[in-house]
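Visitor: So that you have it, the file is protein-v3.txt, and it contains compact mmCIF, C-alpha atoms:
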```txt
# COMPACT_ATOMS: atom_id res chain seq x y z
CA MET P 1 232.87 -1.82 125.16
CA GLY P 2 236.30 -3.14 124.17
CA LEU P 3 237.57 0.35 123.37
CA GLY P 4 236.26 1.69 126.67
CA LEU P 5 238.00 -1.11 128.52
CA LEU P 6 241.31 -0.29 126.83
CA ILE P 7 240.93 3.40 127.67
CA GLU P 8 240.17 2.61 131.30
CA LEU P 9 243.15 0.24 131.48
CA GLN P 10 245.45 2.89 130.05
CA LYS P 11 244.32 5.29 132.78
CA ARG P 12 245.15 2.80 135.54
CA ILE P 13 248.26 1.10 134.17
CA PRO P 14 251.60 2.94 133.77
CA ASP P 15 252.19 3.96 130.15
CA GLY P 16 255.47 2.09 129.88
CA TRP P 17 253.90 -1.17 130.98
CA PHE P 18 250.77 -0.60 128.90
CA LEU P 19 252.54 0.31 125.67
CA ARG P 20 255.52 -2.04 125.96
CA ARG P 21 253.94 -5.08 127.59
CA LEU P 22 250.15 -5.25 127.43
CA LEU P 23 249.48 -3.99 123.91
CA PRO P 24 252.21 -6.14 122.22
CA ALA P 25 250.96 -9.14 124.22
CA ALA P 26 247.37 -8.50 123.07
CA LEU P 27 248.53 -8.13 119.46
CA PHE P 28 250.56 -11.33 119.64
CA VAL P 29 247.70 -13.34 121.15
CA VAL P 30 245.24 -12.06 118.51
CA VAL P 31 247.67 -12.91 115.69
CA ALA P 32 248.31 -16.32 117.21
CA LEU P 33 244.61 -17.10 117.64
CA VAL P 34 243.46 -15.77 114.27
CA GLY P 35 246.52 -16.39 112.10
CA GLY P 36 247.94 -19.53 113.64
CA GLY P 37 244.75 -20.99 115.07
CA GLN P 38 242.18 -20.13 112.40
CA LEU P 39 243.88 -19.30 109.09
CA GLY P 40 246.96 -21.51 109.17
CA GLN P 41 249.31 -21.95 106.23
CA ARG P 42 246.60 -23.02 103.79
CA ASN P 43 244.34 -19.96 104.23
CA TRP P 44 247.08 -17.53 105.26
CA ASN P 45 245.69 -14.65 103.16
CA ASP P 46 241.95 -15.21 103.69
CA ILE P 47 241.05 -11.73 104.94
CA ALA P 48 237.30 -12.46 104.93
CA LEU P 49 237.78 -15.46 107.22
CA ALA P 50 239.99 -13.41 109.55
CA GLN P 51 237.38 -10.64 109.74
CA GLU P 52 234.67 -13.20 110.45
CA ARG P 53 236.65 -14.81 113.27
CA ILE P 54 237.50 -11.46 114.85
CA ALA P 55 233.88 -10.28 114.57
CA ASP P 56 232.65 -13.51 116.20
CA ALA P 57 235.09 -13.00 119.05
CA LEU P 58 233.98 -9.39 119.62
CA ARG P 59 230.24 -10.09 119.29
CA LEU P 60 228.82 -10.55 122.77
CA GLY P 61 225.13 -10.50 121.87
CA GLY P 62 224.43 -7.12 123.48
CA GLY P 63 225.75 -8.06 126.90
CA LEU P 64 228.21 -10.12 128.89
CA THR P 65 226.82 -13.63 128.75
CA ALA P 66 228.51 -16.63 130.33
CA ASP P 67 230.04 -17.55 126.97
CA GLY P 68 231.21 -13.97 126.47
CA ILE P 69 232.88 -13.86 129.87
CA ALA P 70 234.53 -17.21 129.20
CA SER P 71 235.83 -15.94 125.86
CA LEU P 72 237.24 -12.83 127.50
CA VAL P 73 238.96 -14.90 130.16
CA LEU P 74 240.41 -17.27 127.58
CA VAL P 75 241.91 -14.29 125.75
CA ALA P 76 242.89 -12.26 128.82
CA VAL P 77 244.82 -15.07 130.50
CA PRO P 78 247.37 -15.58 127.68
CA VAL P 79 247.62 -11.80 127.14
CA VAL P 80 248.48 -11.13 130.78
CA GLY P 81 250.70 -14.21 130.88
CA ALA P 82 252.65 -13.04 127.84
CA ALA P 83 252.91 -9.51 129.25
CA PHE P 84 254.48 -10.88 132.43
CA ALA P 85 256.65 -13.50 130.69
CA VAL P 86 258.33 -11.19 128.18
CA PRO P 87 260.33 -9.21 130.79
CA TYR P 88 261.85 -12.48 132.02
CA ALA P 89 262.72 -13.49 128.47
CA ALA P 90 264.14 -10.01 127.87
CA ALA P 91 266.22 -10.30 131.05
CA ALA P 92 267.70 -13.55 129.73
CA ILE P 93 268.48 -11.87 126.39
CA GLY P 94 270.04 -8.93 128.22
CA ALA P 95 272.21 -11.29 130.26
CA LEU P 96 273.43 -13.03 127.10
CA ALA P 97 274.10 -9.69 125.42
CA SER P 98 276.14 -8.51 128.41
CA GLY P 99 278.23 -11.70 128.44
CA ALA P 100 276.70 -13.31 131.55
CA TRP P 101 276.27 -16.74 129.94
CA PRO P 102 275.22 -19.74 132.06
CA TRP P 103 277.67 -22.60 132.38
CA TRP P 104 275.67 -24.91 130.13
CA LEU P 105 275.92 -22.40 127.26
CA MET P 106 279.65 -21.76 127.65
CA PRO P 107 280.67 -24.25 124.90
CA LEU P 108 278.49 -22.29 122.46
CA GLY P 109 279.88 -19.05 123.85
CA ARG P 110 283.46 -20.20 123.22
CA ARG P 111 282.59 -21.10 119.64
CA LEU P 112 280.99 -17.71 119.07
CA THR P 113 284.00 -15.96 120.58
CA ALA P 114 286.38 -17.93 118.32
CA TRP P 115 284.20 -17.08 115.30
CA ARG P 116 284.25 -13.38 116.20
CA VAL P 117 288.03 -13.47 116.62
CA ARG P 118 288.41 -14.99 113.13
CA ARG P 119 286.21 -12.27 111.63
CA TRP P 120 287.82 -9.42 113.56
CA VAL P 121 289.95 -6.95 111.62
CA PRO P 122 291.75 -4.07 113.39
CA PRO P 123 290.05 -0.71 112.75
CA ALA P 124 293.27 0.69 111.30
CA GLU P 125 293.35 -2.08 108.68
CA LEU P 126 289.70 -1.47 107.86
CA GLY P 127 290.54 2.21 107.36
CA ARG P 128 293.36 1.31 104.95
CA GLN P 129 291.05 -1.03 103.03
CA ALA P 130 288.47 1.76 102.79
CA VAL P 131 291.08 4.15 101.38
CA ARG P 132 292.18 1.58 98.78
CA ALA P 133 288.55 0.89 97.83
CA ARG P 134 287.87 4.59 97.43
CA ASP P 135 290.98 5.00 95.26
CA ASP P 136 289.69 2.18 93.05
CA GLY P 137 286.37 3.94 92.65
CA LYS P 138 284.45 1.49 94.85
CA GLU P 139 282.55 4.02 96.90
CA LEU P 140 279.93 1.58 98.17
CA ARG P 141 282.55 -0.83 99.50
CA ALA P 142 284.49 2.07 101.03
CA ALA P 143 281.37 3.30 102.82
CA ARG P 144 280.66 -0.22 104.11
CA LEU P 145 284.22 -0.55 105.40
CA ASP P 146 284.01 2.86 107.09
CA ALA P 147 280.78 1.83 108.81
CA ARG P 148 282.36 -1.43 109.95
CA ARG P 149 285.44 0.39 111.24
CA ALA P 150 283.23 2.76 113.27
CA ARG P 151 281.59 -0.12 115.16
CA THR P 152 284.72 -2.28 115.56
CA GLU P 153 286.50 -2.26 118.90
CA GLU P 154 290.24 -1.61 119.00
CA ALA P 155 290.88 -4.74 121.06
CA GLU P 156 290.41 -8.28 119.80
CA PRO P 157 287.02 -9.78 120.77
CA GLY P 158 287.10 -11.55 124.11
CA SER P 159 283.48 -12.59 124.56
CA PRO P 160 280.61 -14.06 122.50
CA THR P 161 278.86 -10.71 121.87
CA TRP P 162 279.79 -7.22 120.77
CA SER P 163 277.75 -5.78 123.64
CA SER P 164 279.80 -7.65 126.22
CA ASP P 165 283.06 -6.37 124.71
CA ARG P 166 281.67 -2.84 124.75
CA PHE P 167 280.69 -3.13 128.43
CA ARG P 168 284.11 -4.48 129.35
CA THR P 169 285.85 -1.68 127.47
CA THR P 170 283.80 0.86 129.43
CA GLU P 171 284.64 -0.87 132.72
CA THR P 172 288.33 -0.73 131.86
CA ARG P 173 288.18 2.97 130.98
CA VAL P 174 286.23 3.85 134.13
CA ARG P 175 288.70 1.92 136.29
CA ALA P 176 291.63 3.70 134.61
CA GLN P 177 290.07 7.18 134.99
CA THR P 178 288.52 6.90 138.45
CA GLY P 179 289.98 3.81 140.07
CA ASP P 180 286.44 2.56 140.69
CA ASP P 181 284.78 -0.63 139.56
CA ILE P 182 281.36 -0.17 137.93
CA ALA P 183 279.91 -3.19 139.69
CA SER P 184 280.88 -1.89 143.14
CA GLY P 185 280.16 1.77 142.43
CA TRP P 186 276.83 1.38 140.62
CA THR P 187 274.61 1.45 143.71
CA THR P 188 276.51 4.39 145.17
CA LEU P 189 276.25 6.18 141.84
CA LEU P 190 272.47 5.77 141.72
CA LEU P 191 272.09 7.02 145.29
CA ALA P 192 274.56 9.90 145.18
CA ALA P 193 274.30 11.08 141.58
CA PRO P 194 272.43 14.30 140.75
CA ASP P 195 268.90 14.00 139.46
CA ALA P 196 269.99 14.70 135.89
CA SER P 197 272.54 11.86 135.96
CA ARG P 198 270.05 9.44 137.49
CA ALA P 199 267.46 10.35 134.89
CA ALA P 200 269.94 9.87 132.06
CA LEU P 201 271.05 6.50 133.47
CA ALA P 202 267.46 5.37 133.92
CA GLU P 203 266.60 6.42 130.37
CA ALA P 204 269.61 4.59 128.93
CA ARG P 205 268.85 1.44 130.90
CA ASP P 206 265.19 1.62 129.88
CA ALA P 207 266.21 1.79 126.21
CA TYR P 208 268.40 -1.29 126.74
CA ASP P 209 265.52 -3.19 128.36
CA ALA P 210 263.13 -2.12 125.60
CA ALA P 211 265.51 -3.40 122.91
CA CYS P 212 265.81 -6.74 124.72
CA GLU P 213 262.02 -6.97 124.93
CA GLY P 214 261.82 -6.25 121.21
CA LEU P 215 264.15 -9.18 120.56
CA ALA P 216 261.94 -11.37 122.74
CA TRP P 217 258.85 -10.40 120.75
CA SER P 218 260.69 -10.90 117.46
CA THR P 219 261.57 -14.44 118.54
CA ALA P 220 257.95 -15.12 119.45
CA PHE P 221 256.61 -13.83 116.11
CA THR P 222 259.26 -15.72 114.16
CA LEU P 223 258.33 -18.98 115.90
CA LEU P 224 254.65 -18.25 115.25
CA GLY P 225 255.56 -18.39 111.55
CA ILE P 226 255.61 -22.20 111.89
CA TRP P 227 251.79 -22.08 112.00
CA TRP P 228 251.18 -18.86 110.00
CA TRP P 229 254.11 -17.88 107.83
CA PRO P 230 253.38 -14.08 107.52
CA ALA P 231 254.31 -13.78 111.20
CA ALA P 232 257.87 -14.92 110.43
CA PRO P 233 258.95 -11.94 108.25
CA VAL P 234 257.36 -9.60 110.80
CA GLY P 235 259.46 -11.23 113.50
CA ILE P 236 262.61 -11.01 111.38
CA VAL P 237 262.12 -7.31 110.61
CA LEU P 238 261.34 -6.61 114.27
CA GLY P 239 264.45 -8.56 115.27
CA LEU P 240 266.70 -6.57 112.96
CA ALA P 241 265.28 -3.28 114.22
CA SER P 242 265.58 -4.41 117.85
CA TRP P 243 269.15 -5.59 117.34
CA ARG P 244 270.11 -2.22 115.90
CA GLY P 245 268.31 -0.54 118.78
CA LEU P 246 270.21 -2.74 121.22
CA ARG P 247 273.56 -1.61 119.81
CA HIS P 248 272.54 2.05 120.12
CA ALA P 249 271.25 1.41 123.66
CA VAL P 250 274.52 -0.26 124.67
CA GLU P 251 276.51 2.67 123.33
CA ALA P 252 274.28 5.16 125.15
CA LEU P 253 274.38 3.16 128.39
CA CYS P 254 278.17 2.91 128.30
CA ARG P 255 278.69 6.59 127.51
CA THR P 256 276.19 7.70 130.14
CA THR P 257 277.61 5.46 132.85
CA GLU P 258 281.18 6.50 132.11
CA ALA P 259 280.26 10.19 132.10
CA ALA P 260 278.25 9.94 135.33
CA LEU P 261 280.96 8.06 137.22
CA THR P 262 283.69 10.39 135.98
CA LEU P 263 281.62 13.45 136.86
CA GLN P 264 280.88 12.09 140.32
CA ARG P 265 284.56 11.34 140.96
CA THR P 266 285.56 14.82 139.75
CA GLU P 267 283.01 16.50 142.03
CA GLN P 268 284.19 14.46 145.00
CA HIS P 269 287.80 15.47 144.39
CA THR P 270 286.89 19.15 144.19
CA ASP P 271 284.34 19.15 147.03
CA PRO P 272 285.83 21.13 149.97
CA HIS P 273 283.80 19.04 152.44
CA THR P 274 285.65 15.80 151.62
CA GLY P 275 288.50 16.81 153.94
CA ASP P 276 291.75 15.52 152.47
CA GLY P 277 290.24 15.24 148.98
CA ASN P 278 289.85 11.49 149.03
CA PRO P 279 286.80 10.15 147.20
CA GLY P 280 283.79 9.12 149.19
CA ILE P 281 282.93 5.91 147.30
```
Do you think you could lay out the structure here as structure tokens?

Guide:
Amino acid sequence: MGLGLLIELQKRIPDGWFLRRLLPAALFVVVALVGGGQLGQRNWNDIALAQERIADALRLGGGLTADGIASLVLVAVPVVGAAFAVPYAAAAIGALASGAWPWWLMPLGRRLTAWRVRRWVPPAELGRQAVRARDDGKELRAARLDARRARTEEAEPGSPTWSSDRFRTTETRVRAQTGDDIASGWTTLLLAAPDASRAALAEARDAYDAACEGLAWSTAFTLLGIWWWPAAPVGIVLGLASWRGLRHAVEALCRTTEAALTLQRTEQHTDPHTGDGNPGI
């Protein structure tokens, strides 16, 4: 019955919501109930006890009794609640990543910005250090310096996060190339851009949202480790993967937005129907 219910739900619920929201929420609730609620730290590796608890939860005595319905409701409510709550948590993570920090977090943001400034090394200097390391036969250090140089911005950090600096750099380049501001031209871009550009922008933004949701789930699993420690390393690994995915998503979103705005401006300048050649934004 449970498998049939999942199949029917997948038919009726959009794949993105089903795969990214409902299934992770169901997994988290099961791990929380079985690992944190039943096994705990003392019996963290008791597989037999976990199987027994899961079997008891799935055993409905051949039909949906009152107790079975109550059990399903008790599980379904936190699953649906988590599925709806994670996008809000992901939105908060996305806002922090983009530099939109609330006023009450600004003291922490200033400290993080100062810390990033102290750690920042100009890419040219990192390149020179890599050359010296390679001359000394330290290939591993040279490769690490090259990788750091590739992801280091030319300008000194000016915000608490790398993502925010990357977004601001893109805004500056777009303003210099087109004279437009991304914030004011975004809606017009989505409405007037060709289908291919809109699809690419939507895909890039979806990847950014998915990475933020992954960070939200990683936080939840890491906190669950307080009651069942194996959840903590899962959360940490998921967090590292999501953080890397977030950096790639930010790069893709910036490149796609810059290319779409530049392409739109170029087409407007060359469109014979624009009259005197002035842009239409």

Visitor: Find the distance between CA of Ala32 (chain P) and CA of Gly81 (chain P) and write it in Å to one decimal.

Guide: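 Answer for the CA of Ala32 (chain P) to CA of Gly81 (chain P) separation: 14.0 Å.
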
Visitor: Between P:Ala249, P:Arg244, P:Ile226, P:Thr172, which one has atoms that come closest to Ala200 (chain P), using all atoms listed in the file?

Guide: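 Using all atoms listed in the file, Ala200 (chain P) sits closest to P:Ala249.
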
Visitor: Measuring between only C-alpha atoms, which one of P:Gly235, P:Pro230, P:Pro157, P:Pro78 shows the shortest distance to Thr113 (chain P)?

Guide: P:Pro157

Visitor: Need to verify the contact set: region 127-135 of chain P, 8 Å, only C-alpha atoms, exclusion of same-chain residues closer than 4 positions in sequence. Can you return it as an MDAnalysis selection string?

Guide: chainID P and resid 123 139 141:143 145:146 149

Visitor: Please determine, counting all atoms listed in the file, which residue among P:Tyr88, P:Trp227, P:Trp120, P:Tyr208 has the shortest atom-to-atom distance to Arg148 (chain P).

Guide: P:Trp120

Visitor: Rounded to one decimal place, report the CA of Ser218 (chain P)-CA of Gly36 (chain P) distance in Å.

Guide: 15.9 Å

Visitor: Pick from P:Thr152, P:Thr257, P:Thr219, P:Ser242: nearest to Ala207 (chain P), with all atoms listed in the file counted?

Guide: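 For Ala207 (chain P), the nearest of the candidates is P:Ser242.
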